[in-house]
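See structure below.
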Amino acid sequence: MPDTSRKFLSHLFEHAVAAADPFKALEHRLPARPQGRTVVIGAGKGAAQLAQAFEVLWDGPFSGVVVTRYGYAAPCETIQVLQAAHPVPDAAGIKAAQALKAAVSGLGPEDLVIALISGGGSSLLPDPPQGLDLADLQALNQALLASGAPISVMNDIRKCFSGINGGRLAELAAPARVYNLIVSDVPGDIPGEVASGPTVAGRPSPKNVRDMIGARGIALPEGLMSHLDGQEDSPAADINERIETQIIASAAISLEAAALAARARGVNAWVMSDRMEGEARDVAQVHAAIARQVAQTGFPYPAPVVLLSGGETTVTLRHKGRGGRNSEFQLAMALALEGMDGIHALAADTDGIDGSEDNAGAFVDGTTTARMRRAGWNPQATLQQNNSYEAFQATDDLFVTGPTGTNVNDFRAILIGAVP
């Protein structure tokens, strides 16, 4: 891939991430000081950076605790920053969930809970209900991650196996008010789907969850299914009158920032969608088809043009290879663009980590698959083995940023033509 194209695509990614900067996201969105106490809680890959920005911006006393993924911590003076495992929970996550529950207990009607929520919170706040334990929740997460189910479905299922998600943490905070400040990593920016909605009212009935599991053929251990079968379809508490919610950063905002950056460089920009979902390799085929059409016909924009999209694809694991959804997307994209001139693409997770590896994503162009073969890798076989990371590592096409401090899901940019 020409260095100018790679630098341009990286430039757009940087603008997308900057648009979700925690300080910028919080600066004009904090609530008024309450008459009582202010308690800050948070969970997600961007929770520590949000807490750090809050400490600078808040004018008044407060206490608080947040949990983030290992390696994503940021120093705070007052707010306690805990770390736990993602995407499969661990014992540190159990302790973090208990710490957040303790922080909102015993509050009164004049008190205010400010919840700083970002993607990743589902596995960072494991709180097994009676009869289940950490091993059960680990098995649950492993089954969901391998299922290829959309994030909305996974998080709705998780809500039935938690004492904290699906609004239960907000219920524990009663009668205090809850003010949610959410960095959305879910297609459509539905607040209750981010981090499985610990402080957002609403959760599906056990019957609906059973239907989701059956419809997608998700194989859960017998103990989890027995727990689900033992739950009654009772309505959740009505807590909406005590809750206010704002989406402070999202894929839509970040993609528009990337589009503006492209236009400033003389490149047309088309934001295709901020809510793409589906199997990564299938979504890649659609993107590649559109890119080929634009390259060959100039419709709907002549080159140079960059196609932008966000959302969250999924991967149905067939083998235990290395690589996340963006790397898998890119390997399928590379196969679909094989031999094409003048098309270069980047797909990456805006939190800086694609799945559980050290890369955010990968670059591809029309020469990628040929270079993989020269390096001893069969691209088609590697895709079937879910082993995209090692193939891109062999061709020096991994995109590595480290943790970014935010998380507005996947970022995809396909450049057609040359940057002026």
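Labels for the structure tokens follow display order: chains A, B, ..., residues from 1 in each chain, ligands from 1.
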Restrict the calculation to only C-alpha atoms, then for each residue of range 62-94 of chain A with any atom at most 7 Å from an atom of range 31-53 of chain A give the closest atom pair and their distance in Å to one decimal, rows by chain and rising residue number, as JSON lines.
{"residue": "A:Phe62", "atom": "CA", "partner": "A:Thr38", "partner_atom": "CA", "distance": 4.8}
{"residue": "A:Ser63", "atom": "CA", "partner": "A:Val39", "partner_atom": "CA", "distance": 5.1}
{"residue": "A:Gly64", "atom": "CA", "partner": "A:Val40", "partner_atom": "CA", "distance": 4.2}
{"residue": "A:Val65", "atom": "CA", "partner": "A:Ile41", "partner_atom": "CA", "distance": 5.1}
{"residue": "A:Val66", "atom": "CA", "partner": "A:Gly42", "partner_atom": "CA", "distance": 4.3}
{"residue": "A:Val67", "atom": "CA", "partner": "A:Ala43", "partner_atom": "CA", "distance": 4.9}
{"residue": "A:Thr68", "atom": "CA", "partner": "A:Gly44", "partner_atom": "CA", "distance": 5.2}
{"residue": "A:Arg69", "atom": "CA", "partner": "A:Lys45", "partner_atom": "CA", "distance": 5.7}
{"residue": "A:Tyr72", "atom": "CA", "partner": "A:Lys45", "partner_atom": "CA", "distance": 6.5}
{"residue": "A:Ala73", "atom": "CA", "partner": "A:Ala48", "partner_atom": "CA", "distance": 5.5}
{"residue": "A:Ala74", "atom": "CA", "partner": "A:Ala48", "partner_atom": "CA", "distance": 5.3}
{"residue": "A:Pro75", "atom": "CA", "partner": "A:Gln52", "partner_atom": "CA", "distance": 6.9}
{"residue": "A:Cys76", "atom": "CA", "partner": "A:Gln52", "partner_atom": "CA", "distance": 5.5}
{"residue": "A:Ile79", "atom": "CA", "partner": "A:Ala51", "partner_atom": "CA", "distance": 6.9}
{"residue": "A:Val81", "atom": "CA", "partner": "A:Ala48", "partner_atom": "CA", "distance": 6.4}
Let me see the file: selected residues, N, CA and C atoms, as a CSV table (one decimal), in the first residue's frame.
chain,number,residue,atom,x,y,z
A,62,PHE,N,-17.4,15.4,45.2
A,62,PHE,CA,-17.9,14.2,44.7
A,62,PHE,C,-17.0,13.0,45.1
A,63,SER,N,-17.6,11.8,45.0
A,63,SER,CA,-16.8,10.6,45.2
A,63,SER,C,-17.2,9.6,44.0
A,64,GLY,N,-16.4,8.5,43.9
A,64,GLY,CA,-16.8,7.7,42.8
A,64,GLY,C,-15.8,6.5,42.6
A,65,VAL,N,-16.3,5.6,41.7
A,65,VAL,CA,-15.5,4.4,41.4
A,65,VAL,C,-15.9,4.0,39.9
A,66,VAL,N,-14.9,3.7,39.1
A,66,VAL,CA,-15.2,3.2,37.8
A,66,VAL,C,-14.3,2.0,37.5
A,67,VAL,N,-14.7,1.2,36.5
A,67,VAL,CA,-13.9,0.0,36.1
A,67,VAL,C,-13.7,0.0,34.6
A,68,THR,N,-12.5,-0.3,34.3
A,68,THR,CA,-12.1,-0.4,32.9
A,68,THR,C,-11.3,-1.7,32.6
A,69,ARG,N,-11.0,-1.9,31.3
A,69,ARG,CA,-10.2,-3.1,30.9
A,69,ARG,C,-8.7,-2.9,31.4
A,72,TYR,N,-6.2,-0.1,30.3
A,72,TYR,CA,-6.9,1.1,29.9
A,72,TYR,C,-7.0,2.2,31.0
A,73,ALA,N,-6.4,2.0,32.1
A,73,ALA,CA,-6.6,2.9,33.2
A,73,ALA,C,-5.9,4.3,33.0
A,74,ALA,N,-6.4,5.3,33.7
A,74,ALA,CA,-5.9,6.6,33.6
A,74,ALA,C,-5.9,7.1,35.0
A,75,PRO,N,-4.9,7.9,35.4
A,75,PRO,CA,-4.8,8.4,36.8
A,75,PRO,C,-5.9,9.4,37.2
A,76,CYS,N,-6.5,9.2,38.3
A,76,CYS,CA,-7.5,10.1,38.8
A,76,CYS,C,-7.2,10.4,40.3
A,79,ILE,N,-11.6,9.8,42.0
A,79,ILE,CA,-12.4,8.6,41.6
A,79,ILE,C,-11.4,7.4,41.6
A,81,VAL,N,-10.1,4.0,40.3
A,81,VAL,CA,-10.1,3.3,39.0
A,81,VAL,C,-9.8,1.9,39.2
I want to know what sits within 7 Å of Pro206 in chain A, based on only C-alpha atoms, with residues of the same chain fewer than 5 positions away left out; could you give that as a ChimeraX atom specification? /A:160,228,231-233
By how many Å are CA of Ile248 in chain A and CA of Ser184 in chain A apart?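 CA of Ser184 in chain A lies 7.8 Å from CA of Ile248 in chain A.
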Compile the contact shell of range 306-317 of chain A as a PyMOL selection string: residues with an atom at most 7 Å away, counting only C-alpha atoms, same-chain residues fewer than 3 positions apart removed. chain A and resi 146-150+186-187+251+255+267-280+325+386+409-416
Selection file, C-alpha atoms, as an mmCIF file, in the first residue's frame:
data_model
loop_
_atom_site.group_PDB
_atom_site.id
_atom_site.type_symbol
_atom_site.label_atom_id
_atom_site.label_comp_id
_atom_site.auth_asym_id
_atom_site.auth_seq_id
_atom_site.Cartn_x
_atom_site.Cartn_y
_atom_site.Cartn_z
ATOM 1 C CA ALA A 146 -18.521 -17.457 19.372
ATOM 2 C CA SER A 147 -22.159 -17.303 18.247
ATOM 3 C CA GLY A 148 -21.950 -14.492 15.696
ATOM 4 C CA ALA A 149 -25.003 -12.834 17.291
ATOM 5 C CA PRO A 150 -25.347 -9.026 17.040
ATOM 6 C CA VAL A 186 -23.764 0.044 19.439
ATOM 7 C CA PRO A 187 -25.505 0.444 16.075
ATOM 8 C CA ALA A 251 -20.022 6.457 15.518
ATOM 9 C CA LEU A 255 -17.650 9.393 10.972
ATOM 10 C CA VAL A 267 -11.182 13.959 -1.220
ATOM 11 C CA ASN A 268 -14.921 13.362 -1.574
ATOM 12 C CA ALA A 269 -16.434 11.518 1.394
ATOM 13 C CA TRP A 270 -19.535 9.337 1.613
ATOM 14 C CA VAL A 271 -20.743 8.144 5.012
ATOM 15 C CA MET A 272 -22.513 4.957 3.969
ATOM 16 C CA SER A 273 -23.895 4.072 7.420
ATOM 17 C CA ASP A 274 -22.978 4.330 11.089
ATOM 18 C CA ARG A 275 -24.857 1.131 11.991
ATOM 19 C CA MET A 276 -23.536 -1.699 9.833
ATOM 20 C CA GLU A 277 -24.103 -5.161 11.329
ATOM 21 C CA GLY A 278 -23.704 -8.741 10.161
ATOM 22 C CA GLU A 279 -21.040 -11.384 9.672
ATOM 23 C CA ALA A 280 -17.743 -9.558 9.090
ATOM 24 C CA ARG A 325 -13.784 -8.740 13.595
ATOM 25 C CA ASN A 386 -10.298 -17.206 11.674
ATOM 26 C CA ASN A 409 -17.075 0.879 17.694
ATOM 27 C CA ASP A 410 -15.743 -0.004 14.261
ATOM 28 C CA PHE A 411 -14.293 2.489 11.789
ATOM 29 C CA ARG A 412 -13.985 1.596 8.118
ATOM 30 C CA ALA A 413 -12.535 3.795 5.385
ATOM 31 C CA ILE A 414 -12.119 2.744 1.733
ATOM 32 C CA LEU A 415 -10.103 5.168 -0.404
ATOM 33 C CA ILE A 416 -10.704 5.035 -4.152
#
Residues of range 6-172 of chain A in strand (DSSP E or B) according to DSSP, as a PDB file with N, CA and C atoms, in the first residue's frame?
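What follows is the written file out-v6.pdb:
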ATOM      1  N   THR A  38     -22.826  13.938  45.272  1.00  0.00           N
ATOM      2  CA  THR A  38     -22.572  13.541  43.889  1.00  0.00           C
ATOM      3  C   THR A  38     -21.711  12.284  43.909  1.00  0.00           C
ATOM      4  N   VAL A  39     -22.228  11.215  43.317  1.00  0.00           N
ATOM      5  CA  VAL A  39     -21.497   9.946  43.261  1.00  0.00           C
ATOM      6  C   VAL A  39     -21.271   9.587  41.794  1.00  0.00           C
ATOM      7  N   VAL A  40     -20.031   9.368  41.424  1.00  0.00           N
ATOM      8  CA  VAL A  40     -19.675   9.019  40.054  1.00  0.00           C
ATOM      9  C   VAL A  40     -19.410   7.516  39.971  1.00  0.00           C
ATOM     10  N   ILE A  41     -20.051   6.872  39.028  1.00  0.00           N
ATOM     11  CA  ILE A  41     -19.758   5.472  38.746  1.00  0.00           C
ATOM     12  C   ILE A  41     -19.505   5.346  37.250  1.00  0.00           C
ATOM     13  N   GLY A  42     -18.839   4.284  36.845  1.00  0.00           N
ATOM     14  CA  GLY A  42     -18.596   4.126  35.420  1.00  0.00           C
ATOM     15  C   GLY A  42     -18.081   2.744  35.088  1.00  0.00           C
ATOM     16  N   ALA A  43     -18.279   2.361  33.827  1.00  0.00           N
ATOM     17  CA  ALA A  43     -17.794   1.066  33.357  1.00  0.00           C
ATOM     18  C   ALA A  43     -17.592   1.137  31.858  1.00  0.00           C
ATOM     19  N   SER A  63     -17.568  11.805  44.975  1.00  0.00           N
ATOM     20  CA  SER A  63     -16.831  10.565  45.209  1.00  0.00           C
ATOM     21  C   SER A  63     -17.150   9.643  44.045  1.00  0.00           C
ATOM     22  N   GLY A  64     -16.404   8.544  43.928  1.00  0.00           N
ATOM     23  CA  GLY A  64     -16.759   7.671  42.824  1.00  0.00           C
ATOM     24  C   GLY A  64     -15.821   6.516  42.599  1.00  0.00           C
ATOM     25  N   VAL A  65     -16.278   5.602  41.731  1.00  0.00           N
ATOM     26  CA  VAL A  65     -15.491   4.424  41.353  1.00  0.00           C
ATOM     27  C   VAL A  65     -15.896   4.009  39.944  1.00  0.00           C
ATOM     28  N   VAL A  66     -14.904   3.668  39.110  1.00  0.00           N
ATOM     29  CA  VAL A  66     -15.164   3.188  37.755  1.00  0.00           C
ATOM     30  C   VAL A  66     -14.309   1.952  37.506  1.00  0.00           C
ATOM     31  N   VAL A  67     -14.703   1.166  36.511  1.00  0.00           N
ATOM     32  CA  VAL A  67     -13.936  -0.016  36.139  1.00  0.00           C
ATOM     33  C   VAL A  67     -13.684   0.004  34.637  1.00  0.00           C
ATOM     34  N   THR A  68     -12.464  -0.336  34.261  1.00  0.00           N
ATOM     35  CA  THR A  68     -12.092  -0.391  32.857  1.00  0.00           C
ATOM     36  C   THR A  68     -11.307  -1.665  32.584  1.00  0.00           C
ATOM     37  N   ARG A  69     -10.962  -1.878  31.345  1.00  0.00           N
ATOM     38  CA  ARG A  69     -10.210  -3.063  30.944  1.00  0.00           C
ATOM     39  C   ARG A  69      -8.746  -2.931  31.372  1.00  0.00           C
ATOM     40  N   GLN A  80     -11.893   6.304  42.204  1.00  0.00           N
ATOM     41  CA  GLN A  80     -11.127   5.056  42.225  1.00  0.00           C
ATOM     42  C   GLN A  80     -11.274   4.350  40.876  1.00  0.00           C
ATOM     43  N   VAL A  81     -10.149   4.003  40.271  1.00  0.00           N
ATOM     44  CA  VAL A  81     -10.148   3.328  38.972  1.00  0.00           C
ATOM     45  C   VAL A  81      -9.759   1.864  39.169  1.00  0.00           C
ATOM     46  N   LEU A  82     -10.693   0.966  38.876  1.00  0.00           N
ATOM     47  CA  LEU A  82     -10.449  -0.468  38.971  1.00  0.00           C
ATOM     48  C   LEU A  82     -10.253  -1.039  37.571  1.00  0.00           C
ATOM     49  N   GLN A  83      -9.595  -2.190  37.482  1.00  0.00           N
ATOM     50  CA  GLN A  83      -9.375  -2.849  36.196  1.00  0.00           C
ATOM     51  C   GLN A  83      -9.822  -4.299  36.278  1.00  0.00           C
ATOM     52  N   ALA A  84     -10.364  -4.780  35.160  1.00  0.00           N
ATOM     53  CA  ALA A  84     -10.850  -6.155  35.109  1.00  0.00           C
ATOM     54  C   ALA A  84     -10.705  -6.676  33.677  1.00  0.00           C
ATOM     55  N   LEU A 112     -27.215  12.646  43.675  1.00  0.00           N
ATOM     56  CA  LEU A 112     -27.133  12.454  42.232  1.00  0.00           C
ATOM     57  C   LEU A 112     -26.048  11.433  41.900  1.00  0.00           C
ATOM     58  N   VAL A 113     -26.405  10.446  41.081  1.00  0.00           N
ATOM     59  CA  VAL A 113     -25.449   9.481  40.556  1.00  0.00           C
ATOM     60  C   VAL A 113     -25.156   9.856  39.109  1.00  0.00           C
ATOM     61  N   ILE A 114     -23.893  10.093  38.809  1.00  0.00           N
ATOM     62  CA  ILE A 114     -23.479  10.367  37.435  1.00  0.00           C
ATOM     63  C   ILE A 114     -22.799   9.106  36.908  1.00  0.00           C
ATOM     64  N   ALA A 115     -23.388   8.509  35.878  1.00  0.00           N
ATOM     65  CA  ALA A 115     -22.896   7.243  35.340  1.00  0.00           C
ATOM     66  C   ALA A 115     -22.164   7.497  34.026  1.00  0.00           C
ATOM     67  N   LEU A 116     -20.873   7.147  33.997  1.00  0.00           N
ATOM     68  CA  LEU A 116     -20.027   7.311  32.816  1.00  0.00           C
ATOM     69  C   LEU A 116     -19.887   5.933  32.166  1.00  0.00           C
ATOM     70  N   ILE A 117     -20.641   5.700  31.112  1.00  0.00           N
ATOM     71  CA  ILE A 117     -20.768   4.353  30.550  1.00  0.00           C
ATOM     72  C   ILE A 117     -20.228   4.323  29.113  1.00  0.00           C
ATOM     73  N   SER A 118     -19.428   3.308  28.830  1.00  0.00           N
ATOM     74  CA  SER A 118     -18.941   3.099  27.467  1.00  0.00           C
ATOM     75  C   SER A 118     -18.911   1.611  27.170  1.00  0.00           C
TER      76      SER A 118
END
Show me, as a list in words, the residues that have an atom within 9 Å of Ile243 in chain A when counting only C-alpha atoms, minus same-chain residues fewer than 6 positions from it.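 So, after excluding close chain neighbours, the residues are Ala170, Arg177, Val178, Tyr179, Asn180, Thr199, Val200 and Ala201 of chain A.
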Export, as a CSV table (one decimal), in the first residue's frame, the selected residues with N, CA and C atoms.
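Result went into part36.csv, see below:
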chain,number,residue,atom,x,y,z
A,170,ALA,N,-29.3,1.1,38.6
A,170,ALA,CA,-30.1,2.3,38.8
A,170,ALA,C,-31.2,2.1,39.8
A,177,ARG,N,-31.3,10.4,42.0
A,177,ARG,CA,-31.4,10.6,40.6
A,177,ARG,C,-30.2,10.0,39.9
A,178,VAL,N,-30.4,9.6,38.6
A,178,VAL,CA,-29.3,9.0,37.9
A,178,VAL,C,-29.1,9.8,36.6
A,179,TYR,N,-27.9,10.3,36.3
A,179,TYR,CA,-27.7,11.0,35.1
A,179,TYR,C,-26.6,10.3,34.3
A,180,ASN,N,-27.1,9.7,33.1
A,180,ASN,CA,-26.2,8.8,32.3
A,180,ASN,C,-25.5,9.7,31.2
A,199,THR,N,-27.5,1.2,34.1
A,199,THR,CA,-28.2,2.3,34.6
A,199,THR,C,-29.3,2.9,33.7
A,200,VAL,N,-29.7,2.1,32.8
A,200,VAL,CA,-30.8,2.4,31.9
A,200,VAL,C,-32.0,1.5,32.0
A,201,ALA,N,-33.1,2.0,32.2
A,201,ALA,CA,-34.3,1.2,32.4
A,201,ALA,C,-34.6,0.3,31.2
When DSSP works through the backbone of this structure, what residues of range 186-335 of chain A end up as helix (DSSP H, G or I), shown as a ChimeraX atom specification? /A:191-196,206-216,222-229,240-242,251-264,280-297,325-335
